[in-house]
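Chemist: Take a look at start_11.txt, compact mmCIF, C-alpha atoms and all ligand atoms:
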# COMPACT_ATOMS: atom_id res chain seq x y z
CA MET A 1 12.69 22.15 -17.30
CA LEU A 2 14.96 22.95 -20.21
CA LYS A 3 14.39 26.66 -19.61
CA ALA A 4 15.42 26.22 -15.98
CA VAL A 5 18.81 24.67 -16.90
CA ASN A 6 21.75 27.01 -16.24
CA ASP A 7 25.47 26.67 -15.50
CA LYS A 8 24.70 25.55 -11.92
CA THR A 9 22.63 22.57 -13.13
CA LYS A 10 24.34 19.25 -12.46
CA ILE A 11 21.57 16.70 -12.67
CA ILE A 12 18.05 16.55 -14.08
CA TRP A 13 15.72 13.96 -12.67
CA ILE A 14 12.91 12.65 -14.88
CA CYS A 15 10.54 10.21 -13.29
CA ASN A 16 8.93 8.26 -16.13
CA PRO A 17 6.17 7.17 -15.64
CA ASN A 18 5.82 9.92 -13.08
CA ASN A 19 5.04 9.46 -9.41
CA PRO A 20 2.48 10.46 -8.11
CA THR A 21 0.58 11.33 -11.31
CA GLY A 22 1.09 8.11 -13.33
CA THR A 23 1.55 10.23 -16.46
CA TYR A 24 4.51 9.82 -18.83
CA VAL A 25 6.89 11.55 -21.23
CA GLY A 26 6.80 10.06 -24.74
CA GLY A 27 9.80 8.96 -26.81
CA ALA A 28 9.86 11.96 -29.14
CA ASP A 29 9.67 14.46 -26.27
CA LEU A 30 12.39 12.73 -24.28
CA LYS A 31 14.71 12.60 -27.30
CA SER A 32 14.20 16.27 -28.13
CA PHE A 33 14.84 17.10 -24.46
CA LEU A 34 18.08 15.09 -24.45
CA ASP A 35 19.14 16.67 -27.74
CA ARG A 36 18.85 20.14 -26.22
CA THR A 37 20.35 19.38 -22.79
CA PRO A 38 24.03 20.31 -22.31
CA LYS A 39 26.19 17.16 -22.30
CA GLU A 40 27.76 18.13 -18.93
CA VAL A 41 24.37 17.78 -17.25
CA LEU A 42 23.45 14.29 -16.11
CA VAL A 43 19.92 13.23 -17.02
CA ALA A 44 18.68 10.49 -14.67
CA VAL A 45 15.52 8.79 -15.87
CA ASP A 46 13.83 6.99 -13.00
CA GLU A 47 11.83 4.11 -14.48
CA ALA A 48 10.58 2.47 -11.27
CA TYR A 49 7.19 1.82 -12.90
CA VAL A 50 8.32 1.01 -16.46
CA GLU A 51 7.01 -2.57 -16.46
CA TYR A 52 3.42 -1.33 -16.08
CA VAL A 53 3.56 0.91 -19.16
CA THR A 54 1.09 0.22 -21.95
CA ALA A 55 1.58 3.45 -23.99
CA LYS A 56 3.00 2.64 -27.43
CA ASP A 57 5.10 5.82 -27.64
CA PHE A 58 6.93 5.27 -24.34
CA PRO A 59 10.70 5.82 -24.86
CA GLU A 60 13.09 2.87 -25.15
CA THR A 61 15.61 4.57 -22.89
CA LEU A 62 18.09 1.68 -22.69
CA LYS A 63 18.59 1.98 -26.45
CA LEU A 64 19.27 5.74 -26.11
CA ILE A 65 22.19 5.30 -23.71
CA SER A 66 24.77 4.76 -26.46
CA GLN A 67 23.66 8.03 -28.10
CA TYR A 68 23.65 10.15 -24.94
CA PRO A 69 26.75 9.91 -22.70
CA ASN A 70 24.93 11.94 -20.00
CA LEU A 71 21.93 9.60 -19.71
CA VAL A 72 21.48 7.14 -16.86
CA VAL A 73 18.43 4.89 -16.45
CA LEU A 74 17.29 3.62 -13.06
CA ARG A 75 15.17 0.52 -12.46
CA THR A 76 14.00 -1.26 -9.32
CA PHE A 77 12.82 -4.64 -8.11
CA SER A 78 10.57 -2.90 -5.57
CA LYS A 79 7.49 -2.55 -7.75
CA VAL A 80 6.36 -5.15 -10.30
CA TYR A 81 8.79 -7.77 -8.90
CA GLY A 82 7.48 -7.23 -5.36
CA LEU A 83 10.90 -7.19 -3.68
CA ALA A 84 10.73 -3.77 -1.95
CA SER A 85 12.16 -5.00 1.37
CA PHE A 86 15.25 -6.43 -0.36
CA ARG A 87 16.33 -2.87 -1.31
CA ILE A 88 17.55 -3.86 -4.76
CA GLY A 89 17.60 -2.08 -8.09
CA PHE A 90 20.05 -1.08 -10.77
CA GLY A 91 21.24 1.72 -12.99
CA VAL A 92 22.36 1.58 -16.62
CA GLY A 93 24.68 4.19 -18.07
CA ASN A 94 27.79 4.68 -20.16
CA PRO A 95 31.01 3.11 -18.84
CA ASP A 96 32.69 6.52 -18.32
CA PHE A 97 29.83 7.72 -16.17
CA ILE A 98 29.65 4.46 -14.20
CA GLN A 99 33.40 4.70 -13.55
CA ASP A 100 32.97 8.23 -12.14
CA LEU A 101 30.07 7.01 -10.03
CA GLU A 102 32.18 4.19 -8.56
CA VAL A 103 34.52 6.81 -7.04
CA GLY A 104 31.75 8.28 -4.91
CA ARG A 105 29.75 5.13 -4.28
CA LEU A 106 29.81 3.44 -0.87
CA PRO A 107 32.29 0.53 -0.80
CA PHE A 108 29.75 -2.17 0.00
CA ASN A 109 27.32 -3.33 -2.63
CA THR A 110 23.71 -4.45 -2.30
CA GLY A 111 23.39 -7.66 -0.22
CA THR A 112 24.10 -11.09 -1.69
CA LEU A 113 20.67 -12.37 -0.67
CA ALA A 114 19.01 -9.40 -2.39
CA GLN A 115 21.03 -10.01 -5.56
CA GLU A 116 20.06 -13.70 -5.56
CA ALA A 117 16.41 -12.75 -5.03
CA ALA A 118 16.57 -10.28 -7.93
CA ILE A 119 18.08 -12.87 -10.30
CA ALA A 120 15.41 -15.40 -9.30
CA ALA A 121 12.72 -12.72 -9.75
CA LEU A 122 13.91 -12.01 -13.31
CA ASP A 123 13.33 -15.68 -14.08
CA ASP A 124 9.81 -15.55 -12.67
CA GLN A 125 8.08 -13.69 -15.50
CA LYS A 126 4.88 -15.60 -14.72
CA PHE A 127 4.63 -13.59 -11.50
CA VAL A 128 5.24 -10.37 -13.44
CA ALA A 129 2.54 -11.26 -15.96
CA LYS A 130 0.08 -12.01 -13.14
CA SER A 131 0.91 -8.70 -11.42
CA LEU A 132 0.33 -6.84 -14.68
CA THR A 133 -3.01 -8.56 -15.30
CA GLU A 134 -4.19 -7.85 -11.74
CA ASN A 135 -3.02 -4.25 -12.04
CA ALA A 136 -4.87 -3.70 -15.32
CA LYS A 137 -8.02 -5.19 -13.79
CA GLY A 138 -7.68 -2.89 -10.76
CA ILE A 139 -7.12 0.22 -12.89
CA ALA A 140 -10.25 -0.71 -14.87
CA GLN A 141 -12.21 -1.02 -11.60
CA TYR A 142 -11.21 2.49 -10.52
CA VAL A 143 -11.72 3.97 -13.99
CA ALA A 144 -15.24 2.49 -14.20
CA PHE A 145 -16.11 4.05 -10.82
CA LEU A 146 -14.56 7.42 -11.66
CA GLU A 147 -16.15 7.64 -15.11
CA ALA A 148 -19.58 6.63 -13.78
CA ASN A 149 -19.39 9.41 -11.22
CA ASN A 150 -17.81 12.05 -13.45
CA ILE A 151 -14.71 12.36 -11.31
CA PRO A 152 -11.60 13.58 -13.19
CA TYR A 153 -8.47 11.41 -12.91
CA TYR A 154 -5.11 11.04 -14.65
CA GLU A 155 -4.72 8.11 -17.05
CA SER A 156 -2.17 5.86 -15.39
CA GLN A 157 0.87 4.07 -16.80
CA ALA A 158 1.75 2.75 -13.33
CA ASN A 159 0.35 0.64 -10.47
CA PHE A 160 -1.59 3.51 -8.93
CA ILE A 161 -4.14 6.07 -10.02
CA PHE A 162 -4.09 9.78 -9.26
CA ILE A 163 -7.29 11.69 -8.60
CA PRO A 164 -6.74 15.46 -8.45
CA SER A 165 -8.75 17.55 -5.98
CA LYS A 166 -9.83 20.90 -7.38
CA ARG A 167 -10.80 22.09 -3.90
CA ASN A 168 -7.55 20.84 -2.25
CA LEU A 169 -9.38 18.24 -0.16
CA GLY A 170 -6.89 15.40 -0.69
CA MET A 171 -5.90 15.15 2.98
CA GLU A 172 -9.56 14.93 4.05
CA ILE A 173 -10.24 12.17 1.51
CA GLY A 174 -7.12 10.32 2.70
CA ALA A 175 -8.38 10.44 6.30
CA LYS A 176 -11.71 8.88 5.26
CA VAL A 177 -9.93 6.07 3.40
CA LEU A 178 -7.68 5.50 6.44
CA ASP A 179 -10.81 5.02 8.55
CA SER A 180 -11.81 2.20 6.21
CA GLY A 181 -8.44 0.49 6.87
CA TYR A 182 -6.33 1.57 3.89
CA ILE A 183 -3.41 3.97 3.60
CA ILE A 184 -3.31 5.96 0.38
CA ARG A 185 -0.94 8.78 -0.55
CA SER A 186 -2.69 12.07 0.12
CA PHE A 187 -1.67 15.54 -0.90
CA PRO A 188 -3.88 18.62 -0.61
CA PHE A 189 -4.00 18.68 -4.45
CA GLY A 190 -5.15 15.09 -4.78
CA ILE A 191 -4.82 11.44 -3.83
CA ARG A 192 -2.75 8.61 -5.24
CA ILE A 193 -4.23 5.17 -4.71
CA THR A 194 -2.06 2.09 -5.20
CA ILE A 195 -3.90 -0.68 -7.02
CA GLY A 196 -4.62 -3.64 -4.73
CA THR A 197 -6.46 -6.92 -5.08
CA THR A 198 -10.00 -6.82 -6.46
CA ALA A 199 -11.32 -7.05 -2.87
CA ASP A 200 -9.06 -4.20 -1.66
CA ASN A 201 -10.09 -2.01 -4.57
CA THR A 202 -13.76 -2.75 -3.92
CA THR A 203 -13.47 -1.64 -0.28
CA VAL A 204 -11.60 1.56 -1.14
CA ILE A 205 -14.04 2.38 -3.93
CA ALA A 206 -16.99 1.84 -1.53
CA CYS A 207 -15.38 4.34 0.85
CA LEU A 208 -14.85 6.88 -1.95
CA LYS A 209 -18.46 6.39 -2.99
CA LYS A 210 -19.61 7.32 0.51
CA ASN A 211 -17.55 10.51 0.24
CA LEU A 212 -18.41 11.62 -3.28
CA ASP A 213 -19.01 15.17 -2.04
CA LEU A 214 -15.30 15.46 -1.16
CA LEU A 215 -14.25 14.21 -4.62
CA LYS A 216 -16.33 16.69 -6.63
C1 LIG B 301 9.52 2.94 -5.69
C2 LIG B 301 10.24 3.98 -6.41
C3 LIG B 301 11.62 3.89 -6.64
C4 LIG B 301 12.45 2.71 -6.20
O1 LIG B 301 12.61 2.66 -4.85
P1 LIG B 301 13.54 1.56 -4.18
O2 LIG B 301 14.48 2.38 -3.36
O3 LIG B 301 14.21 0.77 -5.27
O4 LIG B 301 12.60 0.74 -3.37
C5 LIG B 301 12.25 4.88 -7.33
N1 LIG B 301 11.57 5.93 -7.81
C6 LIG B 301 10.25 6.05 -7.65
C7 LIG B 301 9.55 7.22 -8.23
C8 LIG B 301 9.54 5.09 -6.94
O5 LIG B 301 8.23 5.22 -6.77
Once more with this new file: its structure as structure tokens, please.
Modeler:
Amino acid sequence: MLKAVNDKTKIIWICNPNNPTGTYVGGADLKSFLDRTPKEVLVAVDEAYVEYVTAKDFPETLKLISQYPNLVVLRTFSKVYGLASFRIGFGVGNPDFIQDLEVGRLPFNTGTLAQEAAIAALDDQKFVAKSLTENAKGIAQYVAFLEANNIPYYESQANFIFIPSKRNLGMEIGAKVLDSGYIIRSFPFGIRITIGTTADNTTVIACLKKNLDLLK
């Protein structure tokens, strides 16, 4: 990405952990990237899945903001807090950048109800902890199935797991899973499955098991 930066570059988007792979950029790599990025280029780090991260070397981006005037960090209440339909999230950046952003931002803010819901959600860390436990259990369910059947997958730092398809059969696998009543994200190059309840995961895994030939 650094090599692709030129004088036309205005913004660089880093999704960390990444969607749809569930992979991540570590702290040292992110810092060295920021150190070498021109200060006129905005670096937006989208951390929609940050709460799920277990990797020890994941960057503490909020602490980096004071060092990098061109860094902005984006978070959402749509994932671990379960408030997707409230359309609420936030960005953290340096005051100068935020002031510039205000000029172009739409005059009306997020809704009052959504803001109240977000504040209440922040206080409900028990729900977050439960979501994280359920997610870890679900990831383990998928990993056990994939390992047992020798199916390659990407280690996930998020609430989904990505299974690449060497033979570009992702859409076909997605159609089979749809038949069993679940929508997953399918690309020709692989599938991304959101972690559900233990029962949901069991049903999806049973469907994948019936279609092992497509996964190999
Ligand atoms: C879900 C998600 C968001 C946040 O979306 P909202 O508009 O807040 O619901 C941002 N980035 C990525 C990569 C996401 O998956």
Chemist: Please report, as JSON lines, each residue of region 19-91 of chain A lying at most 12 Å from region 181-198 of chain A, together with the nearest pair of atoms and the separation in Å rounded to one decimal; use all atoms listed in the file, and order rows by chain and ascending residue number.
Modeler:
{"residue": "A:Asn19", "atom": "CA", "partner": "A:Arg192", "partner_atom": "CA", "distance": 8.9}
{"residue": "A:Pro20", "atom": "CA", "partner": "A:Arg192", "partner_atom": "CA", "distance": 6.2}
{"residue": "A:Thr21", "atom": "CA", "partner": "A:Arg192", "partner_atom": "CA", "distance": 7.4}
{"residue": "A:Gly22", "atom": "CA", "partner": "A:Arg192", "partner_atom": "CA", "distance": 9.0}
{"residue": "A:Tyr52", "atom": "CA", "partner": "A:Ile195", "partner_atom": "CA", "distance": 11.7}
{"residue": "A:Lys79", "atom": "CA", "partner": "A:Thr194", "partner_atom": "CA", "distance": 10.9}
{"residue": "A:Val80", "atom": "CA", "partner": "A:Ile195", "partner_atom": "CA", "distance": 11.7}
Chemist: Using all atoms listed in the file, can you tell me which of A:Glu51, A:Asp200, A:Asp29, A:Asp35 comes closest to Gly138 (chain A)?
Modeler: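 Between A:Glu51, A:Asp200, A:Asp29, A:Asp35, the residue approaching Gly138 (chain A) most closely is A:Asp200.
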Chemist: Here is a test: counting only C-alpha atoms and all ligand atoms, which residue of A:Lys210, A:Lys216, A:Lys130, A:Arg87 is nearest to ligand LIG 301 (chain B)?
Modeler: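 Counting only C-alpha atoms and all ligand atoms, the residue closest to ligand LIG 301 (chain B) is A:Arg87.
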Chemist: May I have the residues within 9 Å of Arg75 (chain A) as a PyMOL selection string, using all atoms listed in the file and disregarding those fewer than 5 positions away in the same chain?
Modeler: chain A and resi 45-50+89-92
Chemist: Between A:Leu101, A:Ala4, A:Ala144, A:Ala118, which one has atoms that come closest to ligand LIG 301 (chain B), using only C-alpha atoms and all ligand atoms?
Modeler: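 Smallest separation from ligand LIG 301 (chain B) among the options: A:Ala118.
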Chemist: From the list A:Leu62, A:Gly82, A:Val25, A:Tyr142, which residue is nearest ligand LIG 301 (chain B) when using only C-alpha atoms and all ligand atoms?
Modeler: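 Of A:Leu62, A:Gly82, A:Val25, A:Tyr142, the one nearest ligand LIG 301 (chain B), counting only C-alpha atoms and all ligand atoms, is A:Gly82.
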Chemist: Quick one: everything within 10 Å of Gly111 (chain A), counting all atoms listed in the file, minus sequence neighbours fewer than 4 positions away in the same chain. Send it as number ranges by chain.
Modeler: A: 86-88, 115-117
